[in-house]
Amino acid sequence: MTLLDKIRQRSAVVGVVGLGYVGLPLAVLQAKVGFRVFGFDEVRQKVDRVNGADNYISDVDDADLREVVKNKRLTATSDFSIFKDCDIVLICVPTPLTRNKEPDITAILKVTRKLAEYAHPDMLVVLESTTYPGTTDEVMMPILTANGLKVGTNLFMAFSPERVDPGNSSFKTHNTFKLVGGVTPACLSVAQAFYEQSIVKIFPLSSSRVAEMAKVFENVFRSVNIALVNELAMLCDRMKINVYEVIDAAATKNFGFMAFYPGPGVGGHCIPLDPYYLAWKSKEYDVHARFIELAGEINEGMPYYVVAKFQRVLNRYGRCLNGAKVLVLGVTYKADVGDPRETPALKVMELLQHEGTNLTYADPFVPSLTLGERSYQGVALNQDILQKSDAVLILTAHSAFDYDHIVRHAKVIFDTRNATRNVKGGKDNVVLL
Ligand SMILES: NC(=O)c1ccc[n+]([C@@H]2O[C@H](COP(=O)([O-])OP(=O)(O)OC[C@H]3O[C@@H](n4cnc5c(N)ncnc54)[C@H](O)[C@@H]3O)[C@@H](O)[C@H]2O)c1
């Protein structure tokens with residue numbers, strides 16, 4: 001039976017490497033549509049939790065995980081020799097930056113080298129991790145073909161970026177449109193046939209490089225537009241114009257405008273990192289990706305701007321940063337998700353800690369956190385803590401917070417997310433970004 005037949009009959013065995021925010025929902029989806037799935041992770045604890053149907057990713061439905069583990073459609077393992085039993089391998093490992101903001105593709109390399117030991121004819125390998133154009137064909141292909149496999153003939157390789165938006169209740173893995181770029185046309189046919197089994201709409205592309213570039217461009221687009229609106233917010237602050245009213249006004253145009261909102265910076269595993277992958281690669285072609293660098297500079301400067309403006313806010317109330325009792329609301333990188341990676345809130349807190357501010361925080365998703373030498377336990381948000389604080393600093397607008405209650409009881413609120421926009425009545429104690 002050919003690989004294409006196995007895919008169409010859903011009898012192909014699928015391996016998903018990296019059981020994180022991207023990999024676990026993908027593994028559960030493949031198991032749900034009927035494939036036999038092995039989930040690989042080097043962290044033993046994650047493997048055990050998956051096998052115990054103990055869900056740790058909010059985008060995965062508990063009942064779905066229980067079902068696919070119980071009926072043995074999904075099994076997690078750290079034993080990479082099981083690659084030999086897989087017909088399809090989907091790679092969803094992290095792609096961070098080094099300290100100097102250069103791509104760190106160590107995890108991709110490690111998995112590819114391991115996979116090369118077990119790769120066999122009639123295998124499809126798809127990279128889903130976000131990376132720079134060229135990773136699939138320039139970096140992975142030579143490693144996977146070293147033992148004589150031939151891409152497009154008996155080994156099929158593609159790049160298909162994950163576009164998951166954590167916490168998005170409308171768009172999940174199965175209904176987020178998917179790009180697929182094969183290294184060769186035959187690779188594309190196999191990869192497209194595979195994703196068509198589980199995802200509502202597939203857009204085939206002419207190469208893996210186009211797919212890699214498209215994914216990183218999507219994130220550059222967000223980074224640049226967020227930086228633009230952050231710069232506008234700083235200008236509006238000087239000009240004493242409400243930036244949110246400006247954005248809402250511009251958004252009334254019925255074509256050609258897309259609203260982005262300012263904030264204390266960018267976070268998560270995508271926007272702060274991925275654009276630098278392209279900036280790094282572009283230098284190989286004598287191109288300096290200036291928009292990317294500029295956007296990074298503005299977005300990374302936002303925590304410093306927040307602290308400087310907060311200082312002015314406190315000053316107005318006869319307080320200074322040093323010694324002020326400040327209650328921070330929300331520390332994850334975006335509202336209603338529990339992911340604290342690259343969150344600008346921690347940077348703001350670190351800067352305030354350095355100024356001697358007396359910090360407490362509340363976040364329903366984060367029970368405790370560590371900043372340098374200090375550890376903090378999250379507090380319950382109630383009238384008493386609001387009244388005892390000199391100021392409240394909203395850094396992440398979780399919907400679990402009762403903003404009417406916060407505005408009613410806090411002395412002063414610096415709201416960097418416009419989280420208090422729907423609060424009716426007197427808001428003299430609220431200062432916006
Ligand atoms: N989180 C998102 O919203 C999102 C969205 C789209 C794309 N992406 C991209 O998807 C990729 C994965 O991101 P994520 O958020 O799922 O990361 P994650 O850290 O949540 O998960 C990655 C998993 O890979 C495992 N891992 C690391 N090295 C490994 C190895 N050598 N062998 C086996 N397992 C290994 C880790 O233990 C972890 O469980 C990244 O490239 C990211 O940019 C993420």
# chains A, B, ... in the order shown; residues from 1 in each chain; ligands from 1
$ residues_near_ligand --ligand "ligand 1" --cutoff "7 Å" --atoms "only C-alpha atoms and all ligand atoms" --output "PDB file with C-alpha atoms, in the first residue's frame"
ATOM      1  CA  VAL A  17       7.197  15.722  18.052  1.00  0.00           C
ATOM      2  CA  GLY A  18       6.909  18.360  20.796  1.00  0.00           C
ATOM      3  CA  LEU A  19       3.770  18.104  22.936  1.00  0.00           C
ATOM      4  CA  GLY A  20       3.380  21.804  23.725  1.00  0.00           C
ATOM      5  CA  TYR A  21       0.892  24.530  22.797  1.00  0.00           C
ATOM      6  CA  VAL A  22       1.094  23.513  19.119  1.00  0.00           C
ATOM      7  CA  GLY A  23       1.891  19.805  19.213  1.00  0.00           C
ATOM      8  CA  PHE A  40       7.042  12.483  21.300  1.00  0.00           C
ATOM      9  CA  ASP A  41       8.489  14.768  23.930  1.00  0.00           C
ATOM     10  CA  GLU A  42      11.844  14.800  25.647  1.00  0.00           C
ATOM     11  CA  VAL A  43      10.224  15.979  28.880  1.00  0.00           C
ATOM     12  CA  LYS A  46       4.660  15.754  29.701  1.00  0.00           C
ATOM     13  CA  CYS A  92       6.429  21.134  16.546  1.00  0.00           C
ATOM     14  CA  VAL A  93       9.461  21.920  18.707  1.00  0.00           C
ATOM     15  CA  PRO A  94      10.383  25.384  20.026  1.00  0.00           C
ATOM     16  CA  THR A  95      12.310  27.897  17.929  1.00  0.00           C
ATOM     17  CA  ALA A 107      15.643  21.572  18.823  1.00  0.00           C
ATOM     18  CA  ILE A 108      14.880  21.206  15.089  1.00  0.00           C
ATOM     19  CA  LYS A 110      18.257  17.498  17.374  1.00  0.00           C
ATOM     20  CA  VAL A 111      14.945  16.011  16.226  1.00  0.00           C
ATOM     21  CA  GLU A 128       5.427  23.051  11.675  1.00  0.00           C
ATOM     22  CA  SER A 129       7.718  25.157  13.902  1.00  0.00           C
ATOM     23  CA  THR A 130       8.061  28.785  12.842  1.00  0.00           C
ATOM     24  CA  THR A 131      11.493  29.432  11.337  1.00  0.00           C
ATOM     25  CA  PRO A 161       3.150  26.452   9.634  1.00  0.00           C
ATOM     26  CA  GLU A 162       1.012  26.218  12.719  1.00  0.00           C
ATOM     27  CA  ARG A 163      -1.143  29.323  13.062  1.00  0.00           C
ATOM     28  CA  VAL A 164      -2.885  28.490  16.331  1.00  0.00           C
ATOM     29  CA  ASP A 165      -4.045  31.481  18.361  1.00  0.00           C
ATOM     30  CA  PRO A 166      -4.053  30.328  22.002  1.00  0.00           C
ATOM     31  CA  GLY A 268       4.257  34.901  23.661  1.00  0.00           C
ATOM     32  CA  HIS A 269       6.343  32.516  21.593  1.00  0.00           C
ATOM     33  CA  CYS A 270       5.702  34.286  18.259  1.00  0.00           C
ATOM     34  CA  ASP A 274       9.871  35.127  14.864  1.00  0.00           C
TER      35      ASP A 274
END
$ residues_around --residues "Asn225 in chain A" --least-positions-apart "3" --cutoff "10 Å" --atoms "only C-alpha atoms" --output "short mmCIF file (atom, residue, chain, number, x, y, z; two decimals) with N, CA and C atoms, in the first residue's frame"
data_model
loop_
_atom_site.label_atom_id
_atom_site.label_comp_id
_atom_site.auth_asym_id
_atom_site.auth_seq_id
_atom_site.Cartn_x
_atom_site.Cartn_y
_atom_site.Cartn_z
N ASN A 219 3.75 37.13 11.09
CA ASN A 219 4.14 37.62 12.42
C ASN A 219 4.86 38.97 12.34
N VAL A 220 5.61 39.19 11.26
CA VAL A 220 6.24 40.51 11.08
C VAL A 220 5.14 41.56 10.92
N PHE A 221 4.11 41.23 10.16
CA PHE A 221 2.98 42.13 9.92
C PHE A 221 2.37 42.58 11.26
N ARG A 222 2.19 41.62 12.16
CA ARG A 222 1.61 41.97 13.47
C ARG A 222 2.58 42.82 14.27
N LEU A 228 3.62 50.35 15.30
CA LEU A 228 3.08 51.60 14.76
C LEU A 228 2.06 52.21 15.72
N VAL A 229 1.18 51.36 16.24
CA VAL A 229 0.15 51.89 17.13
C VAL A 229 0.73 52.23 18.51
N ASN A 230 1.79 51.53 18.91
CA ASN A 230 2.47 51.90 20.16
C ASN A 230 3.10 53.28 20.03
N GLU A 231 3.69 53.53 18.87
CA GLU A 231 4.29 54.85 18.64
C GLU A 231 3.22 55.94 18.63
N MET A 258 -7.11 48.27 9.41
CA MET A 258 -7.24 47.16 10.35
C MET A 258 -6.77 47.66 11.71
N ALA A 259 -7.61 47.50 12.73
CA ALA A 259 -7.27 48.05 14.05
C ALA A 259 -6.27 47.17 14.80
N PHE A 260 -5.23 47.80 15.30
CA PHE A 260 -4.31 47.19 16.27
C PHE A 260 -4.33 48.08 17.50
N TYR A 261 -4.02 47.52 18.66
CA TYR A 261 -4.12 48.30 19.89
C TYR A 261 -2.78 48.37 20.62
N PRO A 262 -2.53 49.51 21.25
CA PRO A 262 -1.25 49.63 21.97
C PRO A 262 -1.26 48.84 23.27
N ALA A 295 10.49 47.89 14.52
CA ALA A 295 9.33 47.42 15.29
C ALA A 295 9.79 46.78 16.60
#
$ residues_around --residues "Lys201 in chain A" --least-positions-apart "5" --cutoff "9 Å" --atoms "only C-alpha atoms" --output "ChimeraX atom specification"
/A:174-179,195-196
$ write_last_selection --atoms "N, CA and C atoms" --output "mmCIF file, in the first residue's frame"
data_model
loop_
_atom_site.group_PDB
_atom_site.id
_atom_site.type_symbol
_atom_site.label_atom_id
_atom_site.label_comp_id
_atom_site.auth_asym_id
_atom_site.auth_seq_id
_atom_site.Cartn_x
_atom_site.Cartn_y
_atom_site.Cartn_z
ATOM 1 N N HIS A 174 -8.339 22.575 13.825
ATOM 2 C CA HIS A 174 -9.057 21.966 12.685
ATOM 3 C C HIS A 174 -9.690 22.987 11.741
ATOM 4 N N ASN A 175 -10.019 24.199 12.253
ATOM 5 C CA ASN A 175 -10.686 25.158 11.355
ATOM 6 C C ASN A 175 -9.860 26.410 11.070
ATOM 7 N N THR A 176 -8.580 26.357 11.396
ATOM 8 C CA THR A 176 -7.679 27.438 10.992
ATOM 9 C C THR A 176 -7.082 27.022 9.648
ATOM 10 N N PHE A 177 -7.290 27.852 8.629
ATOM 11 C CA PHE A 177 -6.823 27.503 7.281
ATOM 12 C C PHE A 177 -5.317 27.241 7.312
ATOM 13 N N LYS A 178 -4.898 26.253 6.522
ATOM 14 C CA LYS A 178 -3.514 25.783 6.637
ATOM 15 C C LYS A 178 -2.747 25.959 5.338
ATOM 16 N N LEU A 179 -1.546 26.500 5.435
ATOM 17 C CA LEU A 179 -0.643 26.593 4.290
ATOM 18 C C LEU A 179 0.203 25.317 4.246
ATOM 19 N N TYR A 195 -3.113 16.640 5.303
ATOM 20 C CA TYR A 195 -3.809 17.675 6.084
ATOM 21 C C TYR A 195 -5.285 17.768 5.714
ATOM 22 N N GLU A 196 -5.631 17.401 4.493
ATOM 23 C CA GLU A 196 -7.052 17.432 4.105
ATOM 24 C C GLU A 196 -7.911 16.482 4.940
#
$ atom_distance --atom1 "CA of Phe38 in chain A" --atom2 "CA of Ser78 in chain A"
9.8 Å
$ select_by_dssp --residues "range 88-181 of chain A" --states "strand (DSSP E or B)" --output "list of chain:residue names"
A:Ile88, A:Val89, A:Leu90, A:Ile91, A:Leu97, A:Pro103, A:Met123, A:Leu124, A:Val125, A:Val126, A:Leu127, A:Val151, A:Leu155, A:Phe156, A:Met157, A:Ala158, A:Phe159, A:Lys178, A:Leu179, A:Val180, A:Gly181
$ write_last_selection --atoms "N, CA, C and O atoms" --output "tab-separated table (two decimals), in the first residue's frame"
chain	number	residue	atom	x	y	z
A	88	ILE	N	4.31	9.19	9.10
A	88	ILE	CA	4.28	10.66	9.00
A	88	ILE	C	4.84	11.22	10.30
A	88	ILE	O	4.48	10.74	11.39
A	89	VAL	N	5.73	12.22	10.19
A	89	VAL	CA	6.25	12.86	11.40
A	89	VAL	C	6.04	14.37	11.28
A	89	VAL	O	6.47	14.99	10.30
A	90	LEU	N	5.37	14.94	12.28
A	90	LEU	CA	5.10	16.38	12.31
A	90	LEU	C	5.96	16.97	13.43
A	90	LEU	O	5.88	16.53	14.57
A	91	ILE	N	6.76	17.97	13.10
A	91	ILE	CA	7.71	18.50	14.09
A	91	ILE	C	7.23	19.86	14.61
A	91	ILE	O	7.06	20.80	13.84
A	97	LEU	N	15.15	32.32	20.48
A	97	LEU	CA	16.30	33.13	20.04
A	97	LEU	C	17.43	32.94	21.04
A	97	LEU	O	17.19	32.62	22.20
A	103	PRO	N	18.52	33.22	15.57
A	103	PRO	CA	17.73	31.99	15.61
A	103	PRO	C	18.46	30.86	16.33
A	103	PRO	O	19.66	30.66	16.11
A	123	MET	N	8.01	7.88	3.72
A	123	MET	CA	7.77	8.63	4.96
A	123	MET	C	7.53	10.09	4.59
A	123	MET	O	8.15	10.62	3.67
A	124	LEU	N	6.58	10.71	5.32
A	124	LEU	CA	6.34	12.16	5.15
A	124	LEU	C	6.83	12.86	6.41
A	124	LEU	O	6.44	12.48	7.52
A	125	VAL	N	7.67	13.88	6.22
A	125	VAL	CA	8.17	14.67	7.36
A	125	VAL	C	7.75	16.12	7.14
A	125	VAL	O	8.07	16.71	6.09
A	126	VAL	N	7.02	16.67	8.11
A	126	VAL	CA	6.57	18.05	7.98
A	126	VAL	C	7.05	18.86	9.17
A	126	VAL	O	6.85	18.47	10.32
A	127	LEU	N	7.67	19.98	8.88
A	127	LEU	CA	8.07	20.91	9.94
A	127	LEU	C	6.92	21.91	10.13
A	127	LEU	O	6.45	22.51	9.16
A	151	VAL	N	14.35	12.76	-1.81
A	151	VAL	CA	13.18	13.61	-1.58
A	151	VAL	C	12.33	13.71	-2.84
A	151	VAL	O	12.84	13.97	-3.93
A	155	LEU	N	11.01	9.86	-0.02
A	155	LEU	CA	10.90	10.65	1.22
A	155	LEU	C	10.19	11.94	0.84
A	155	LEU	O	10.56	12.59	-0.15
A	156	PHE	N	9.17	12.30	1.61
A	156	PHE	CA	8.37	13.47	1.26
A	156	PHE	C	8.54	14.50	2.38
A	156	PHE	O	8.36	14.17	3.56
A	157	MET	N	8.91	15.73	2.01
A	157	MET	CA	9.17	16.76	3.03
A	157	MET	C	8.38	18.02	2.72
A	157	MET	O	8.27	18.43	1.56
A	158	ALA	N	7.86	18.63	3.77
A	158	ALA	CA	7.06	19.85	3.57
A	158	ALA	C	7.20	20.75	4.79
A	158	ALA	O	7.62	20.31	5.86
A	159	PHE	N	6.83	22.01	4.57
A	159	PHE	CA	6.69	22.94	5.70
A	159	PHE	C	5.23	23.37	5.73
A	159	PHE	O	4.67	23.77	4.70
A	178	LYS	N	-4.90	26.25	6.52
A	178	LYS	CA	-3.51	25.78	6.64
A	178	LYS	C	-2.75	25.96	5.34
A	178	LYS	O	-3.23	25.58	4.27
A	179	LEU	N	-1.55	26.50	5.44
A	179	LEU	CA	-0.64	26.59	4.29
A	179	LEU	C	0.20	25.32	4.25
A	179	LEU	O	0.64	24.84	5.29
A	180	VAL	N	0.45	24.83	3.03
A	180	VAL	CA	1.34	23.66	2.88
A	180	VAL	C	2.27	23.92	1.70
A	180	VAL	O	1.82	24.20	0.59
A	181	GLY	N	3.56	23.83	1.96
A	181	GLY	CA	4.54	23.99	0.88
A	181	GLY	C	5.44	22.76	0.84
A	181	GLY	O	6.12	22.45	1.83
$ closest_residue --among "A:Lys84, A:Lys411, A:Arg49, A:Arg44" --to "Tyr317 in chain A" --atoms "only C-alpha atoms"
A:Lys411
$ residues_around --residues "Lys325 in chain A" --least-positions-apart "5" --cutoff "8 Å" --atoms "only C-alpha atoms" --output "count of residues only"
8
$ residues_around --residues "range 232-234 of chain A" --least-positions-apart "4" --cutoff "10 Å" --atoms "only C-alpha atoms" --output "MDAnalysis selection string"
chainID A and resid 226:228 238:244 246:247 261:263 302 305:306 309 432:433
$ residues_around --residues "range 370-386 of chain A" --least-positions-apart "3" --cutoff "9 Å" --atoms "only C-alpha atoms" --output "MDAnalysis selection string"
chainID A and resid 327 329 346 349:350 353 359:364 366:367 389:392 401 405:406 409:411
$ write_last_selection --atoms "C-alpha atoms" --output "PDB file, in the first residue's frame"
ATOM      1  CA  LEU A 327      -1.091  45.927  42.729  1.00  0.00           C
ATOM      2  CA  LEU A 329      -3.336  42.935  37.483  1.00  0.00           C
ATOM      3  CA  LEU A 346       7.378  40.606  33.916  1.00  0.00           C
ATOM      4  CA  MET A 349       7.510  44.353  37.194  1.00  0.00           C
ATOM      5  CA  GLU A 350      11.269  43.823  37.047  1.00  0.00           C
ATOM      6  CA  GLN A 353      11.169  46.145  41.511  1.00  0.00           C
ATOM      7  CA  LEU A 359       4.693  44.922  44.329  1.00  0.00           C
ATOM      8  CA  THR A 360       1.839  42.477  44.679  1.00  0.00           C
ATOM      9  CA  TYR A 361      -0.004  40.868  41.793  1.00  0.00           C
ATOM     10  CA  ALA A 362      -3.206  39.041  40.918  1.00  0.00           C
ATOM     11  CA  ASP A 363      -3.619  36.702  37.963  1.00  0.00           C
ATOM     12  CA  PRO A 364      -6.077  33.795  37.880  1.00  0.00           C
ATOM     13  CA  VAL A 366      -0.408  32.358  37.562  1.00  0.00           C
ATOM     14  CA  PRO A 367      -0.349  31.331  41.236  1.00  0.00           C
ATOM     15  CA  SER A 389      -2.817  49.641  47.360  1.00  0.00           C
ATOM     16  CA  ASP A 390      -1.512  53.083  46.384  1.00  0.00           C
ATOM     17  CA  ALA A 391      -2.146  52.226  42.755  1.00  0.00           C
ATOM     18  CA  VAL A 392      -3.362  49.450  40.472  1.00  0.00           C
ATOM     19  CA  PHE A 401     -11.391  40.630  36.580  1.00  0.00           C
ATOM     20  CA  HIS A 405     -15.360  46.715  41.177  1.00  0.00           C
ATOM     21  CA  ILE A 406     -11.725  47.650  40.544  1.00  0.00           C
ATOM     22  CA  HIS A 409     -12.388  50.672  45.022  1.00  0.00           C
ATOM     23  CA  ALA A 410      -8.902  51.508  43.714  1.00  0.00           C
ATOM     24  CA  LYS A 411      -7.307  54.867  44.484  1.00  0.00           C
TER      25      LYS A 411
END
$ residues_around --residues "Pro340 in chain A" --least-positions-apart "2" --cutoff "12 Å" --atoms "only C-alpha atoms" --output "list in words"
Val266, Gly267, Gly268, His269, Gly330, Val331, Thr332, Tyr333, Lys334, Ala335, Asp336, Val337, Gly338, Glu342, Thr343, Pro344, Ala345, Leu346, Lys347, Asp363, Phe365, Val366, Pro367, Ser368, Leu369, Thr370 and Thr396 of chain A
$ atom_distance --atom1 "CA of Leu352 in chain A" --atom2 "CA of Asp339 in chain A"
21.6 Å
$ atom_distance --atom1 "CA of Val28 in chain A" --atom2 "CA of Asp137 in chain A"
27.8 Å
$ select_by_dssp --residues "range 214-424 of chain A" --states "alpha helix (DSSP H)" --output "MDAnalysis selection string"
chainID A and resid 214:239 243:250 274:283 290:316 344:354 383:388 403:409
$ decode --residues "range 148-159 of chain A" --atoms "all heavy atoms" --output "CSV table (one decimal), in the first residue's frame"
chain,number,residue,atom,x,y,z
A,148,GLY,N,20.6,8.0,1.9
A,148,GLY,CA,20.2,7.6,0.6
A,148,GLY,C,18.8,7.8,0.2
A,148,GLY,O,18.4,7.5,-0.9
A,149,LEU,N,18.0,8.2,1.2
A,149,LEU,CA,16.6,8.5,0.8
A,149,LEU,C,16.5,9.6,-0.2
A,149,LEU,O,17.4,10.5,-0.2
A,149,LEU,CB,15.7,8.9,2.0
A,149,LEU,CG,15.5,7.7,3.0
A,149,LEU,CD1,14.8,8.2,4.3
A,149,LEU,CD2,14.6,6.6,2.4
A,150,LYS,N,15.5,9.6,-1.1
A,150,LYS,CA,15.4,10.6,-2.1
A,150,LYS,C,14.2,11.5,-2.0
A,150,LYS,O,13.0,10.9,-2.0
A,150,LYS,CB,15.5,9.9,-3.5
A,150,LYS,CG,16.5,10.6,-4.4
A,150,LYS,CD,16.6,9.9,-5.7
A,150,LYS,CE,16.9,10.8,-6.9
A,150,LYS,NZ,17.3,12.2,-6.7
A,151,VAL,N,14.3,12.8,-1.8
A,151,VAL,CA,13.2,13.6,-1.6
A,151,VAL,C,12.3,13.7,-2.8
A,151,VAL,O,12.8,14.0,-3.9
A,151,VAL,CB,13.6,15.0,-1.1
A,151,VAL,CG1,12.4,16.0,-1.1
A,151,VAL,CG2,14.2,14.9,0.3
A,152,GLY,N,11.0,13.5,-2.7
A,152,GLY,CA,10.1,13.6,-3.8
A,152,GLY,C,9.9,12.2,-4.4
A,152,GLY,O,9.0,12.0,-5.2
A,153,THR,N,10.8,11.2,-4.1
A,153,THR,CA,10.6,9.9,-4.6
A,153,THR,C,10.2,8.9,-3.5
A,153,THR,O,9.1,8.3,-3.6
A,153,THR,CB,12.0,9.4,-5.2
A,153,THR,OG1,12.4,10.4,-6.1
A,153,THR,CG2,11.8,8.1,-5.9
A,154,ASN,N,11.0,8.8,-2.5
A,154,ASN,CA,10.6,7.9,-1.4
A,154,ASN,C,10.6,8.6,0.0
A,154,ASN,O,10.3,8.0,1.0
A,154,ASN,CB,11.4,6.6,-1.4
A,154,ASN,CG,12.9,6.9,-1.2
A,154,ASN,OD1,13.3,8.0,-1.0
A,154,ASN,ND2,13.7,5.8,-1.3
A,155,LEU,N,11.0,9.9,0.0
A,155,LEU,CA,10.9,10.6,1.2
A,155,LEU,C,10.2,11.9,0.8
A,155,LEU,O,10.6,12.6,-0.1
A,155,LEU,CB,12.3,11.0,1.8
A,155,LEU,CG,12.3,11.9,3.0
A,155,LEU,CD1,11.7,11.3,4.2
A,155,LEU,CD2,13.7,12.3,3.3
A,156,PHE,N,9.2,12.3,1.6
A,156,PHE,CA,8.4,13.5,1.3
A,156,PHE,C,8.5,14.5,2.4
A,156,PHE,O,8.4,14.2,3.6
A,156,PHE,CB,6.9,13.1,1.1
A,156,PHE,CG,6.8,12.0,0.0
A,156,PHE,CD1,6.7,10.7,0.4
A,156,PHE,CD2,6.8,12.3,-1.3
A,156,PHE,CE1,6.7,9.7,-0.6
A,156,PHE,CE2,6.8,11.3,-2.3
A,156,PHE,CZ,6.7,10.0,-1.9
A,157,MET,N,8.9,15.7,2.0
A,157,MET,CA,9.2,16.8,3.0
A,157,MET,C,8.4,18.0,2.7
A,157,MET,O,8.3,18.4,1.6
A,157,MET,CB,10.7,17.1,3.1
A,157,MET,CG,11.5,16.0,3.5
A,157,MET,SD,13.2,16.5,3.7
A,157,MET,CE,13.1,17.7,5.0
A,158,ALA,N,7.9,18.6,3.8
A,158,ALA,CA,7.1,19.9,3.6
A,158,ALA,C,7.2,20.8,4.8
A,158,ALA,O,7.6,20.3,5.9
A,158,ALA,CB,5.6,19.5,3.3
A,159,PHE,N,6.8,22.0,4.6
A,159,PHE,CA,6.7,22.9,5.7
A,159,PHE,C,5.2,23.4,5.7
A,159,PHE,O,4.7,23.8,4.7
A,159,PHE,CB,7.6,24.2,5.5
A,159,PHE,CG,7.5,25.1,6.7
A,159,PHE,CD1,8.2,24.9,7.9
A,159,PHE,CD2,6.7,26.2,6.6
A,159,PHE,CE1,8.1,25.7,9.0
A,159,PHE,CE2,6.6,27.1,7.7
A,159,PHE,CZ,7.3,26.8,8.9
